[in-house]
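So this block is data_26.csv, CSV, C-alpha atoms:
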```csv
chain,number,residue,atom,x,y,z
I,67,MET,CA,168.8,175.4,102.3
I,68,LYS,CA,167.8,176.7,105.7
I,69,PRO,CA,165.8,173.6,106.7
I,70,LEU,CA,168.7,171.4,105.4
I,71,LEU,CA,171.3,173.4,107.5
I,72,GLY,CA,169.0,173.2,110.5
I,73,ALA,CA,168.6,169.5,110.1
I,74,ILE,CA,172.4,169.0,109.8
I,75,CYS,CA,173.1,171.2,112.9
I,76,LEU,CA,170.4,169.4,114.9
I,77,SER,CA,171.8,166.0,113.8
I,78,THR,CA,175.4,167.1,114.7
I,79,ILE,CA,174.3,168.4,118.1
I,80,THR,CA,172.3,165.2,118.8
I,81,THR,CA,175.2,163.0,117.8
I,82,LEU,CA,177.7,164.9,120.0
I,83,LEU,CA,175.2,164.8,122.9
I,84,CYS,CA,174.7,161.1,122.6
I,85,LEU,CA,178.5,160.5,122.4
I,86,GLY,CA,178.9,162.7,125.5
I,87,LEU,CA,176.3,160.8,127.4
I,88,ALA,CA,177.8,157.5,126.3
I,89,GLU,CA,181.2,158.7,127.5
I,90,ALA,CA,179.8,159.7,130.8
I,91,ALA,CA,177.9,156.4,131.2
I,92,VAL,CA,181.0,154.3,130.5
I,93,ARG,CA,183.0,156.3,133.0
I,94,ILE,CA,180.4,156.4,135.8
I,95,LEU,CA,179.4,152.8,135.4
I,96,ASP,CA,183.0,151.7,134.9
I,97,ILE,CA,182.0,149.5,131.9
I,98,GLY,CA,184.5,147.3,130.2
I,99,PRO,CA,188.0,146.1,131.0
I,100,LYS,CA,190.7,148.3,132.6
I,101,ILE,CA,192.3,149.6,129.5
I,102,MET,CA,194.9,152.4,129.8
I,103,ALA,CA,196.1,154.0,126.6
I,104,VAL,CA,199.9,154.3,126.1
I,105,ASN,CA,201.0,157.5,124.5
I,106,HIS,CA,203.5,156.0,122.0
I,107,GLY,CA,204.6,159.4,120.8
I,108,ASN,CA,206.6,159.5,124.1
I,109,TYR,CA,209.0,156.7,123.0
I,110,ARG,CA,211.8,156.3,120.5
I,111,LEU,CA,214.3,153.6,119.8
I,112,SER,CA,217.5,153.9,121.8
I,113,GLU,CA,221.0,153.9,120.5
I,114,ASN,CA,221.8,151.8,123.6
I,115,LEU,CA,220.8,148.3,122.5
I,116,LEU,CA,220.4,147.2,126.2
I,117,LEU,CA,217.7,149.8,126.7
I,118,ARG,CA,216.0,149.1,123.3
I,119,TYR,CA,213.8,152.2,123.7
I,120,GLU,CA,213.6,155.3,125.8
I,121,LEU,CA,211.4,158.4,126.5
I,122,ALA,CA,211.7,161.0,123.8
I,123,PRO,CA,212.8,164.4,125.1
I,124,GLY,CA,210.4,167.2,124.4
I,125,THR,CA,207.2,165.1,124.0
I,126,PRO,CA,204.2,165.8,126.2
I,127,ASP,CA,202.5,163.5,128.7
I,128,GLY,CA,199.7,164.9,130.8
I,129,ASP,CA,200.9,168.2,132.3
I,130,ALA,CA,204.5,167.3,131.8
I,131,VAL,CA,207.0,167.4,129.0
I,132,ILE,CA,209.7,164.7,128.9
I,133,ASN,CA,212.9,166.6,129.9
I,134,SER,CA,216.1,166.8,127.9
I,135,HIS,CA,217.5,163.8,129.8
I,136,GLY,CA,214.5,161.6,129.0
I,137,MET,CA,212.7,161.8,132.3
I,138,ARG,CA,209.0,162.6,133.1
I,139,ASP,CA,210.3,165.4,135.4
I,140,ARG,CA,211.5,168.9,135.5
I,141,GLU,CA,215.0,169.8,134.3
I,142,PHE,CA,217.9,168.9,136.5
I,143,SER,CA,221.6,169.8,136.2
I,144,THR,CA,224.0,166.9,136.4
I,145,THR,CA,225.9,169.1,138.8
I,146,LYS,CA,224.3,168.5,142.2
I,147,PRO,CA,223.7,171.8,144.2
I,148,ASP,CA,225.5,172.2,147.5
I,149,GLY,CA,223.5,171.0,150.5
I,150,THR,CA,221.3,168.7,148.3
I,151,PHE,CA,220.6,165.1,149.0
I,152,ARG,CA,219.7,163.6,145.6
I,153,ILE,CA,217.6,160.5,145.2
I,154,ALA,CA,217.2,158.7,141.9
I,155,CYS,CA,214.0,156.6,141.5
I,156,ILE,CA,214.3,153.8,138.9
I,157,GLY,CA,211.6,151.4,137.8
I,158,ASP,CA,208.9,150.9,135.2
I,159,SER,CA,205.4,152.4,134.7
I,160,VAL,CA,204.6,152.4,138.4
I,161,THR,CA,207.6,154.7,139.1
I,162,TYR,CA,206.8,156.7,135.9
I,163,GLY,CA,203.3,157.5,137.2
I,164,PHE,CA,201.4,155.7,134.4
I,165,GLY,CA,197.7,156.7,134.5
I,166,ILE,CA,198.3,159.8,136.6
I,167,ASP,CA,197.8,163.0,134.5
I,168,ARG,CA,199.9,165.3,136.7
I,169,SER,CA,203.6,164.3,136.8
I,170,THR,CA,203.9,165.9,140.3
I,171,HIS,CA,201.5,163.4,141.6
I,172,SER,CA,203.7,160.3,140.8
I,173,TYR,CA,205.1,158.7,143.9
I,174,PRO,CA,208.7,160.0,143.3
I,175,LYS,CA,207.5,163.6,143.2
I,176,ARG,CA,205.1,163.2,146.2
I,177,LEU,CA,208.1,161.7,148.0
I,178,GLU,CA,210.1,164.8,147.1
I,179,THR,CA,207.4,167.0,148.6
I,180,LEU,CA,207.3,164.9,151.8
I,181,LEU,CA,211.0,165.0,152.3
I,182,ASN,CA,211.2,168.8,151.9
I,183,SER,CA,208.2,169.3,154.1
I,184,PHE,CA,209.1,167.1,157.0
I,185,CYS,CA,212.8,166.0,156.7
I,186,SER,CA,214.8,169.0,155.4
I,187,ASP,CA,216.4,171.7,157.5
I,188,SER,CA,218.5,174.8,156.8
I,189,LYS,CA,221.4,172.7,155.6
I,190,THR,CA,219.8,170.0,153.5
I,191,ARG,CA,217.3,170.0,150.7
I,192,PHE,CA,216.0,166.9,148.8
I,193,GLU,CA,215.8,166.3,145.1
I,194,VAL,CA,214.0,163.2,143.8
I,195,LEU,CA,214.5,162.4,140.1
I,196,ASN,CA,212.1,160.2,138.3
I,197,PHE,CA,213.9,157.8,135.9
I,198,GLY,CA,210.9,155.4,135.5
I,199,VAL,CA,210.0,154.2,132.0
I,200,PRO,CA,206.8,152.2,131.2
I,201,GLY,CA,207.5,148.7,130.1
I,202,TYR,CA,211.1,148.4,131.3
I,203,ASP,CA,212.3,145.1,132.6
I,204,ALA,CA,214.9,144.5,135.3
I,205,ALA,CA,217.8,144.6,132.8
I,206,GLU,CA,216.7,147.9,131.3
I,207,ILE,CA,216.2,149.3,134.8
I,208,ALA,CA,219.7,148.3,135.7
I,209,GLU,CA,221.1,149.8,132.5
I,210,THR,CA,219.2,153.0,133.2
I,211,ALA,CA,221.1,153.2,136.5
I,212,ARG,CA,224.4,152.7,134.7
I,213,GLN,CA,223.9,155.0,131.8
I,214,LYS,CA,221.5,157.7,133.0
I,215,VAL,CA,221.5,157.8,136.8
I,216,LEU,CA,225.2,157.9,137.5
I,217,PRO,CA,225.9,161.2,135.7
I,218,PHE,CA,223.6,162.9,138.3
I,219,HIS,CA,225.7,161.7,141.3
I,220,PRO,CA,222.7,160.5,143.4
I,221,ASP,CA,223.2,159.9,147.2
I,222,LEU,CA,220.6,157.1,147.1
I,223,VAL,CA,218.9,154.9,144.5
I,224,ILE,CA,215.3,153.8,145.1
I,225,TYR,CA,214.2,150.8,142.9
I,226,GLY,CA,210.4,150.4,142.8
I,227,TYR,CA,210.3,146.7,142.1
I,228,CYS,CA,207.2,145.2,140.4
I,229,LEU,CA,206.7,141.5,140.0
I,230,ASN,CA,206.6,141.8,136.2
I,231,ASP,CA,210.2,143.1,136.1
I,232,PRO,CA,211.9,139.8,135.2
I,233,GLN,CA,209.6,139.6,132.1
I,234,GLU,CA,211.4,140.8,128.9
I,235,THR,CA,208.2,141.3,126.8
I,236,SER,CA,207.4,145.0,126.5
I,237,LEU,CA,204.3,146.2,124.6
I,238,GLU,CA,205.8,149.7,124.3
I,239,PHE,CA,208.8,148.2,122.4
I,240,LEU,CA,206.5,146.0,120.2
I,241,LYS,CA,204.4,149.1,119.4
I,242,ILE,CA,207.5,151.1,118.5
I,243,LEU,CA,208.7,148.4,116.1
I,244,ALA,CA,205.2,148.2,114.5
I,245,GLU,CA,205.1,152.0,114.1
I,246,MET,CA,208.6,152.2,112.7
I,247,THR,CA,207.6,149.6,110.1
I,248,HIS,CA,204.5,151.6,109.0
I,249,ALA,CA,205.6,155.1,110.1
I,250,GLN,CA,205.1,157.0,106.8
I,251,ARG,CA,201.9,155.2,105.7
I,252,HIS,CA,200.1,155.4,109.0
I,253,TYR,CA,201.5,158.5,110.6
I,254,TYR,CA,198.4,160.6,110.7
I,255,SER,CA,196.0,157.7,111.6
I,256,ALA,CA,198.3,156.6,114.4
I,257,GLN,CA,198.3,160.1,115.9
I,258,THR,CA,194.5,160.3,115.7
I,259,HIS,CA,194.2,156.8,117.2
I,260,SER,CA,196.5,157.7,120.1
I,261,PHE,CA,194.4,160.9,120.9
I,262,LEU,CA,191.2,159.0,121.0
I,263,MET,CA,192.7,156.2,123.0
I,264,ARG,CA,194.0,158.7,125.5
I,265,HIS,CA,190.8,160.7,125.9
I,266,SER,CA,187.8,158.5,125.2
I,267,ARG,CA,186.7,155.5,127.3
I,268,VAL,CA,184.0,154.8,124.7
I,269,PHE,CA,186.6,154.5,121.9
I,270,ARG,CA,188.8,152.3,124.1
I,271,LEU,CA,185.8,150.0,124.9
I,272,ALA,CA,184.9,149.9,121.2
I,273,SER,CA,188.5,149.1,120.2
I,274,TYR,CA,188.6,146.3,122.8
I,275,ILE,CA,185.3,144.8,121.6
I,276,LEU,CA,186.3,144.9,117.9
I,277,HIS,CA,189.8,143.5,118.3
I,278,ARG,CA,189.7,141.2,121.4
I,279,SER,CA,189.8,138.1,119.1
I,280,ALA,CA,193.0,139.2,117.3
I,281,PRO,CA,195.6,136.4,117.2
I,282,GLN,CA,197.9,136.5,120.2
I,283,GLY,CA,201.1,138.3,119.6
I,284,LYS,CA,200.0,139.6,116.2
I,285,SER,CA,199.7,143.2,115.1
I,286,LEU,CA,197.2,144.5,112.7
I,287,GLY,CA,198.4,147.7,110.9
I,288,GLU,CA,199.8,149.9,113.6
I,289,HIS,CA,198.0,148.1,116.4
I,290,VAL,CA,199.7,145.9,119.0
I,291,PHE,CA,197.3,144.2,121.3
I,292,ALA,CA,197.7,143.4,125.0
I,293,LYS,CA,197.4,139.7,124.2
I,294,ALA,CA,201.0,139.8,123.2
I,295,ASP,CA,201.9,140.3,126.9
I,296,PRO,CA,201.8,137.1,128.9
I,297,GLU,CA,201.4,139.1,132.1
I,298,ASN,CA,198.1,140.5,130.8
I,299,ALA,CA,197.0,137.1,129.7
I,300,ALA,CA,197.7,135.7,133.2
I,301,LEU,CA,195.8,138.5,134.9
I,302,GLN,CA,192.8,138.2,132.6
I,303,SER,CA,192.6,134.4,133.2
I,304,HIS,CA,193.0,134.9,137.0
I,305,ASN,CA,196.1,132.8,136.9
I,306,TYR,CA,198.5,135.6,137.8
I,307,ALA,CA,199.9,133.9,141.0
I,308,THR,CA,201.1,130.9,139.0
I,309,TYR,CA,202.6,133.2,136.3
I,310,PHE,CA,204.5,135.5,138.7
I,311,SER,CA,205.7,132.7,140.9
I,312,ALA,CA,207.1,130.8,137.9
I,313,LEU,CA,208.7,134.0,136.5
I,314,HIS,CA,210.8,134.3,139.7
I,315,GLU,CA,211.5,130.6,140.5
I,316,GLY,CA,213.4,129.6,137.4
I,317,GLY,CA,213.9,129.9,133.6
I,318,ASP,CA,214.6,133.0,131.7
I,319,GLY,CA,212.8,135.2,134.1
I,320,ARG,CA,214.9,134.2,137.1
I,321,ARG,CA,218.2,134.5,135.1
I,322,ASN,CA,217.2,137.9,133.8
I,323,LEU,CA,216.4,139.1,137.4
I,324,GLU,CA,219.7,137.8,138.9
I,325,ARG,CA,221.8,139.2,136.1
I,326,SER,CA,220.1,142.5,136.4
I,327,LEU,CA,220.4,142.7,140.2
I,328,ASP,CA,224.1,141.9,139.8
I,329,THR,CA,224.5,144.7,137.3
I,330,LEU,CA,222.7,147.2,139.5
I,331,ALA,CA,224.9,146.2,142.5
I,332,ALA,CA,228.1,146.6,140.5
I,333,VAL,CA,226.9,150.0,139.1
I,334,CYS,CA,226.0,151.5,142.4
I,335,THR,CA,228.9,149.9,144.4
I,336,GLN,CA,231.5,151.5,142.2
I,337,ASP,CA,230.2,154.9,143.2
I,338,HIS,CA,229.3,153.9,146.8
I,339,ILE,CA,225.6,154.6,146.3
I,340,PRO,CA,223.2,152.7,148.6
I,341,VAL,CA,220.2,151.0,146.9
I,342,CYS,CA,216.8,150.7,148.6
I,343,VAL,CA,214.4,148.3,146.9
I,344,PHE,CA,210.6,148.7,147.6
I,345,ILE,CA,208.6,145.6,146.5
I,346,PHE,CA,205.1,146.4,145.2
I,347,PRO,CA,202.3,143.8,145.4
I,348,VAL,CA,200.3,142.8,142.4
I,349,THR,CA,196.5,143.6,142.4
I,350,ASN,CA,194.4,145.1,145.2
I,351,ASN,CA,193.4,141.6,146.3
I,352,LEU,CA,195.6,141.4,149.4
I,353,ASP,CA,193.5,139.3,151.8
I,354,PRO,CA,194.6,136.6,151.2
I,355,TYR,CA,197.6,137.4,149.0
I,356,PRO,CA,199.1,134.4,147.1
I,357,LEU,CA,202.5,135.9,146.3
I,358,SER,CA,204.0,136.5,149.7
I,359,GLU,CA,206.6,133.8,149.1
I,360,THR,CA,207.6,135.5,145.8
I,361,HIS,CA,208.1,138.8,147.7
I,362,ARG,CA,210.3,137.0,150.2
I,363,LEU,CA,212.3,135.4,147.3
I,364,VAL,CA,212.9,138.9,145.8
I,365,ALA,CA,213.8,140.3,149.2
I,366,ASP,CA,216.4,137.5,149.7
I,367,LEU,CA,218.0,138.1,146.3
I,368,CYS,CA,218.3,141.8,147.0
I,369,LYS,CA,219.7,141.4,150.5
I,370,ALA,CA,222.3,139.0,149.1
I,371,ARG,CA,223.5,141.9,147.1
I,372,SER,CA,223.6,144.3,150.1
I,373,PHE,CA,220.5,146.2,149.0
I,374,HIS,CA,218.1,147.6,151.6
I,375,VAL,CA,214.7,146.0,151.2
I,376,TYR,CA,211.2,147.2,152.2
I,377,ASP,CA,208.1,145.2,151.3
I,378,LEU,CA,205.1,147.4,150.8
I,379,LEU,CA,202.5,144.6,151.2
I,380,GLU,CA,201.6,145.2,154.8
I,381,ASP,CA,201.4,149.0,154.3
I,382,PHE,CA,199.1,148.5,151.3
I,383,ARG,CA,196.9,146.1,153.4
I,384,ALA,CA,196.6,148.7,156.1
I,385,TYR,CA,195.5,151.3,153.5
I,386,GLN,CA,193.0,148.9,152.0
I,387,ARG,CA,191.4,148.0,155.4
I,388,GLN,CA,191.3,151.6,156.7
I,389,GLU,CA,190.2,153.4,153.5
I,390,ASN,CA,188.1,150.5,152.1
I,391,ARG,CA,189.7,150.9,148.8
I,392,GLY,CA,192.9,149.7,147.1
I,393,VAL,CA,196.0,151.7,146.1
I,394,TYR,CA,195.7,150.7,142.4
I,395,PHE,CA,193.3,151.8,139.8
I,396,ASP,CA,194.0,148.5,137.9
I,397,TYR,CA,196.2,145.7,139.1
I,398,LEU,CA,199.5,147.4,139.4
I,399,HIS,CA,199.4,151.2,139.0
I,400,PRO,CA,198.6,153.5,141.9
I,401,ASP,CA,196.0,156.1,141.3
I,402,THR,CA,196.6,159.7,142.6
I,403,PRO,CA,195.6,159.0,146.2
I,404,GLY,CA,197.4,155.7,146.0
I,405,ALA,CA,200.6,157.3,144.8
I,406,GLN,CA,200.4,159.8,147.7
I,407,TYR,CA,200.1,156.9,150.2
I,408,THR,CA,202.9,155.0,148.4
I,409,ALA,CA,205.2,158.0,148.9
I,410,THR,CA,204.3,158.1,152.6
I,411,ALA,CA,205.0,154.4,152.9
I,412,ILE,CA,208.3,154.8,151.2
I,413,LEU,CA,209.3,157.6,153.5
I,414,SER,CA,208.4,155.3,156.4
I,415,GLY,CA,210.6,152.6,154.9
I,416,LEU,CA,213.5,155.1,154.4
I,417,LEU,CA,213.2,156.1,158.1
I,418,GLN,CA,213.2,152.5,159.3
I,419,GLU,CA,216.2,151.7,157.1
I,420,SER,CA,218.0,154.9,158.3
I,421,MET,CA,218.6,156.0,154.7
I,422,LEU,CA,218.2,159.7,155.2
I,423,PRO,CA,220.9,162.2,156.4
I,424,SER,CA,220.9,163.5,160.0
I,425,THR,CA,217.2,162.6,160.4
I,426,ASP,CA,215.6,161.9,163.8
I,427,THR,CA,213.0,159.2,162.9
I,428,GLN,CA,210.7,159.9,165.9
I,429,ASP,CA,210.8,163.7,165.2
I,430,VAL,CA,209.9,163.2,161.5
I,431,LYS,CA,207.1,160.7,162.5
I,432,LEU,CA,205.7,163.3,164.9
I,433,ARG,CA,205.9,166.1,162.4
I,434,LEU,CA,204.3,163.9,159.7
I,435,LEU,CA,201.4,163.0,162.0
I,436,GLN,CA,200.8,166.6,162.9
I,437,GLY,CA,201.0,167.6,159.3
I,438,SER,CA,201.1,171.1,157.9
I,439,PRO,CA,198.4,173.3,156.4
I,440,GLU,CA,199.3,172.3,152.9
I,441,ASP,CA,199.9,168.6,153.7
I,442,ARG,CA,197.0,167.5,155.9
I,443,ASP,CA,196.5,164.4,153.6
I,444,PHE,CA,200.0,163.2,154.5
I,445,ALA,CA,199.2,163.4,158.2
I,446,GLN,CA,196.0,161.3,157.7
I,447,LEU,CA,198.0,158.7,155.7
I,448,ALA,CA,200.8,158.6,158.2
I,449,ARG,CA,198.4,157.2,160.8
I,450,LEU,CA,198.1,154.0,158.8
I,451,LEU,CA,201.8,153.3,158.9
I,452,PRO,CA,203.5,151.2,161.6
I,453,ALA,CA,205.6,153.0,164.2
I,454,PRO,CA,209.2,153.4,163.1
```

Translate this file's structure into structure tokens.
Amino acid sequence: MKPLLGAICLSTITTLLCLGLAEAAVRILDIGPKIMAVNHGNYRLSENLLLRYELAPGTPDGDAVINSHGMRDREFSTTKPDGTFRIACIGDSVTYGFGIDRSTHSYPKRLETLLNSFCSDSKTRFEVLNFGVPGYDAAEIAETARQKVLPFHPDLVIYGYCLNDPQETSLEFLKILAEMTHAQRHYYSAQTHSFLMRHSRVFRLASYILHRSAPQGKSLGEHVFAKADPENAALQSHNYATYFSALHEGGDGRRNLERSLDTLAAVCTQDHIPVCVFIFPVTNNLDPYPLSETHRLVADLCKARSFHVYDLLEDFRAYQRQENRGVYFDYLHPDTPGAQYTATAILSGLLQESMLPSTDTQDVKLRLLQGSPEDRDFAQLARLLPAP
């Protein structure tokens, strides 16, 4: 028995070592497509048919637990504390902080840190609430403002606009439907699958290789593949400029966008809440960038509804040139340093648009450039921004 047990132990150790080396090799060499696993345990069907689905309170994501109001954030009271300037960030996975393990490193929470470090005084403190939900389209984002944001009485709404927002297809929603259909039969296997997808690049690469030929839009068991998403198909075929332009220029996408912006304007106007829209580029390929006209189209639609608009394209170009790296880890989602720079660029935009209370723009810029012992990175990033 001893030789047999020894052989089994040796075989087990060797297998684990090989898998560990394979995992390290895939990560270091960055082999395979940019696949991010979605933790579908974070979502549930919503009673609000306009939202379709929402974040499930009490479920974990990275270091965070989705709070009782369905935000990837700490708990907030709907009653706003005295002396607080409250900002609500709405949007999709970019606002949520998809791919960033620490919730405090998403751009809304980095913005909160910036504001309280460089813009607050003895009379004013800032709260930034993260209402971002992965996969939400413009209509769901506007409905979030109506149903979930208004009860918190924000002083400002920031909309992190992504060029896929007019698209109604949501892989998160499709996955929920598939799991609801097979919930009992596949409960355990779905949970195991989610864990491996979240933590192993080797498993994600193997899954991609095995299933990349699945029929578009079909699901196999509890699986829903990215091919069901026309945005992903456009990006993989390097035809993304044509797709995103067409999405905004006419058809269902344009109608969805205009209706949603009208809804957002009506929701915020009734409570006299200003809206500031920050337009995010698609991909790190910004020189040249084929979607500048689409950015201008979005900006014009927003300005026609009295929104304040700030295009992040030039700020992201400056970051790319100076740092020799892009803001995104894929084509749309900022990595941790990118989210930090995004927050700095958004602060710059808020200063330029005079959106903050009793704030001397030049003084804040100077303080930001000088930095503080715990925020030296912000000082470095601020040097990339245009003068306010």

Extract, using all atoms listed in the file, all DNA, RNA and protein residues at most 6 Å from stretch 370-379 of chain I, discarding same-chain residues fewer than 3 positions from it, and format them as a ChimeraX atom specification.
/I:341-347,367,382

Using 6 Å as the limit and counting all atoms listed in the file, can you tabulate each residue of stretch 86-178 of chain I that touches stretch 191-214 of chain I, with its shortest atom-to-atom distance in Å and the two atoms involved, as a tab-separated table?
```
residue	atom	partner	partner_atom	distance
I:Leu117	CA	I:Glu206	CA	5.1
I:Met137	CA	I:Phe197	CA	5.5
I:Thr150	CA	I:Arg191	CA	4.8
I:Phe151	CA	I:Phe192	CA	4.9
I:Arg152	CA	I:Glu193	CA	4.8
I:Ile153	CA	I:Val194	CA	4.7
I:Ala154	CA	I:Leu195	CA	4.9
I:Cys155	CA	I:Asn196	CA	5.2
I:Ile156	CA	I:Phe197	CA	5.0
I:Gly157	CA	I:Gly198	CA	4.7
I:Asp158	CA	I:Pro200	CA	4.7
I:Ser159	CA	I:Pro200	CA	3.8
I:Thr161	CA	I:Gly198	CA	4.9
I:Tyr162	CA	I:Gly198	CA	4.3
I:Glu178	CA	I:Val194	CA	5.4
```

Shortest interatomic distance to I:Gly392 - which of I:Ala73, I:Leu222, I:Arg118, I:Asp353, counting only C-alpha atoms
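When distances to I:Gly392 are compared using only C-alpha atoms, the smallest one comes from I:Asp353.
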
Two-atom distance - atom CA of I:Thr170, atom CA of I:Asn350 (Å)
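Atom-to-atom, atom CA of I:Thr170 to atom CA of I:Asn350, that is 23.4 Å.
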
Restricting the calculation to only C-alpha atoms, which member of I:Glu297, I:Glu89, I:Asp337, I:Asp401 is positioned closest to I:Leu229?
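Residue with the minimum atom-to-atom distance to I:Leu229: I:Glu297.
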
Exercise: I:Pro354 partners within 12 Å, all atoms listed in the file, chain neighbours under 3 positions left out, as a ChimeraX atom specification:
/I:307,349-351,357-358,379-380,383

In Å, how far is it from atom CA of I:Pro126 to atom CA of I:Leu82?
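About the pair atom CA of I:Pro126 and atom CA of I:Leu82: they are 27.2 Å apart.
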
To one decimal in Å, tell me the separation between atom CA of I:Arg387 and atom CA of I:Leu352.
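Spanning atom CA of I:Arg387 to atom CA of I:Leu352 is a straight-line distance of 9.9 Å.
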
Among listed residues I:Thr360, I:Thr410, I:Ser420, I:Ser311, nearest I:Leu181 (using only C-alpha atoms):
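The closest residue to I:Leu181 is I:Thr410.
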
Start from the incomplete input, build N, CA, C and O atoms for stretch 407-422 of chain I, and deliver everything as a tab-separated table (two decimals), in the coordinates of the input.
```
chain	number	residue	atom	x	y	z
I	407	TYR	N	199.87	157.86	149.04
I	407	TYR	CA	200.10	156.90	150.20
I	407	TYR	C	201.40	156.15	149.93
I	407	TYR	O	202.15	155.90	150.88
I	408	THR	N	201.67	155.75	148.69
I	408	THR	CA	202.90	155.00	148.40
I	408	THR	C	204.12	155.87	148.80
I	408	THR	O	205.07	155.35	149.40
I	409	ALA	N	204.08	157.16	148.50
I	409	ALA	CA	205.20	158.00	148.90
I	409	ALA	C	205.34	158.07	150.41
I	409	ALA	O	206.46	158.06	150.95
I	410	THR	N	204.21	158.10	151.13
I	410	THR	CA	204.30	158.10	152.60
I	410	THR	C	204.83	156.81	153.12
I	410	THR	O	205.65	156.80	154.05
I	411	ALA	N	204.44	155.67	152.52
I	411	ALA	CA	205.00	154.40	152.90
I	411	ALA	C	206.45	154.27	152.64
I	411	ALA	O	207.22	153.70	153.43
I	412	ILE	N	206.89	154.80	151.50
I	412	ILE	CA	208.30	154.80	151.20
I	412	ILE	C	209.12	155.62	152.14
I	412	ILE	O	210.20	155.22	152.59
I	413	LEU	N	208.58	156.78	152.51
I	413	LEU	CA	209.30	157.60	153.50
I	413	LEU	C	209.40	156.82	154.82
I	413	LEU	O	210.46	156.83	155.46
I	414	SER	N	208.34	156.13	155.22
I	414	SER	CA	208.40	155.30	156.40
I	414	SER	C	209.50	154.26	156.31
I	414	SER	O	210.27	154.02	157.26
I	415	GLY	N	209.60	153.61	155.14
I	415	GLY	CA	210.60	152.60	154.90
I	415	GLY	C	212.04	153.22	154.97
I	415	GLY	O	212.96	152.63	155.55
I	416	LEU	N	212.22	154.40	154.39
I	416	LEU	CA	213.50	155.10	154.40
I	416	LEU	C	213.93	155.40	155.85
I	416	LEU	O	215.11	155.29	156.22
I	417	LEU	N	212.93	155.81	156.65
I	417	LEU	CA	213.20	156.10	158.10
I	417	LEU	C	213.62	154.85	158.81
I	417	LEU	O	214.57	154.85	159.60
I	418	GLN	N	212.88	153.76	158.57
I	418	GLN	CA	213.20	152.50	159.30
I	418	GLN	C	214.55	151.96	158.87
I	418	GLN	O	215.25	151.33	159.68
I	419	GLU	N	214.95	152.19	157.62
I	419	GLU	CA	216.20	151.70	157.10
I	419	GLU	C	217.37	152.70	157.38
I	419	GLU	O	218.51	152.46	156.99
I	420	SER	N	217.04	153.85	158.01
I	420	SER	CA	218.00	154.90	158.30
I	420	SER	C	218.77	155.34	157.05
I	420	SER	O	220.00	155.44	157.02
I	421	MET	N	218.02	155.62	156.01
I	421	MET	CA	218.60	156.00	154.70
I	421	MET	C	218.74	157.47	154.49
I	421	MET	O	219.27	157.88	153.46
I	422	LEU	N	218.25	158.29	155.41
I	422	LEU	CA	218.20	159.70	155.20
I	422	LEU	C	219.27	160.40	156.09
I	422	LEU	O	219.54	159.95	157.20
```
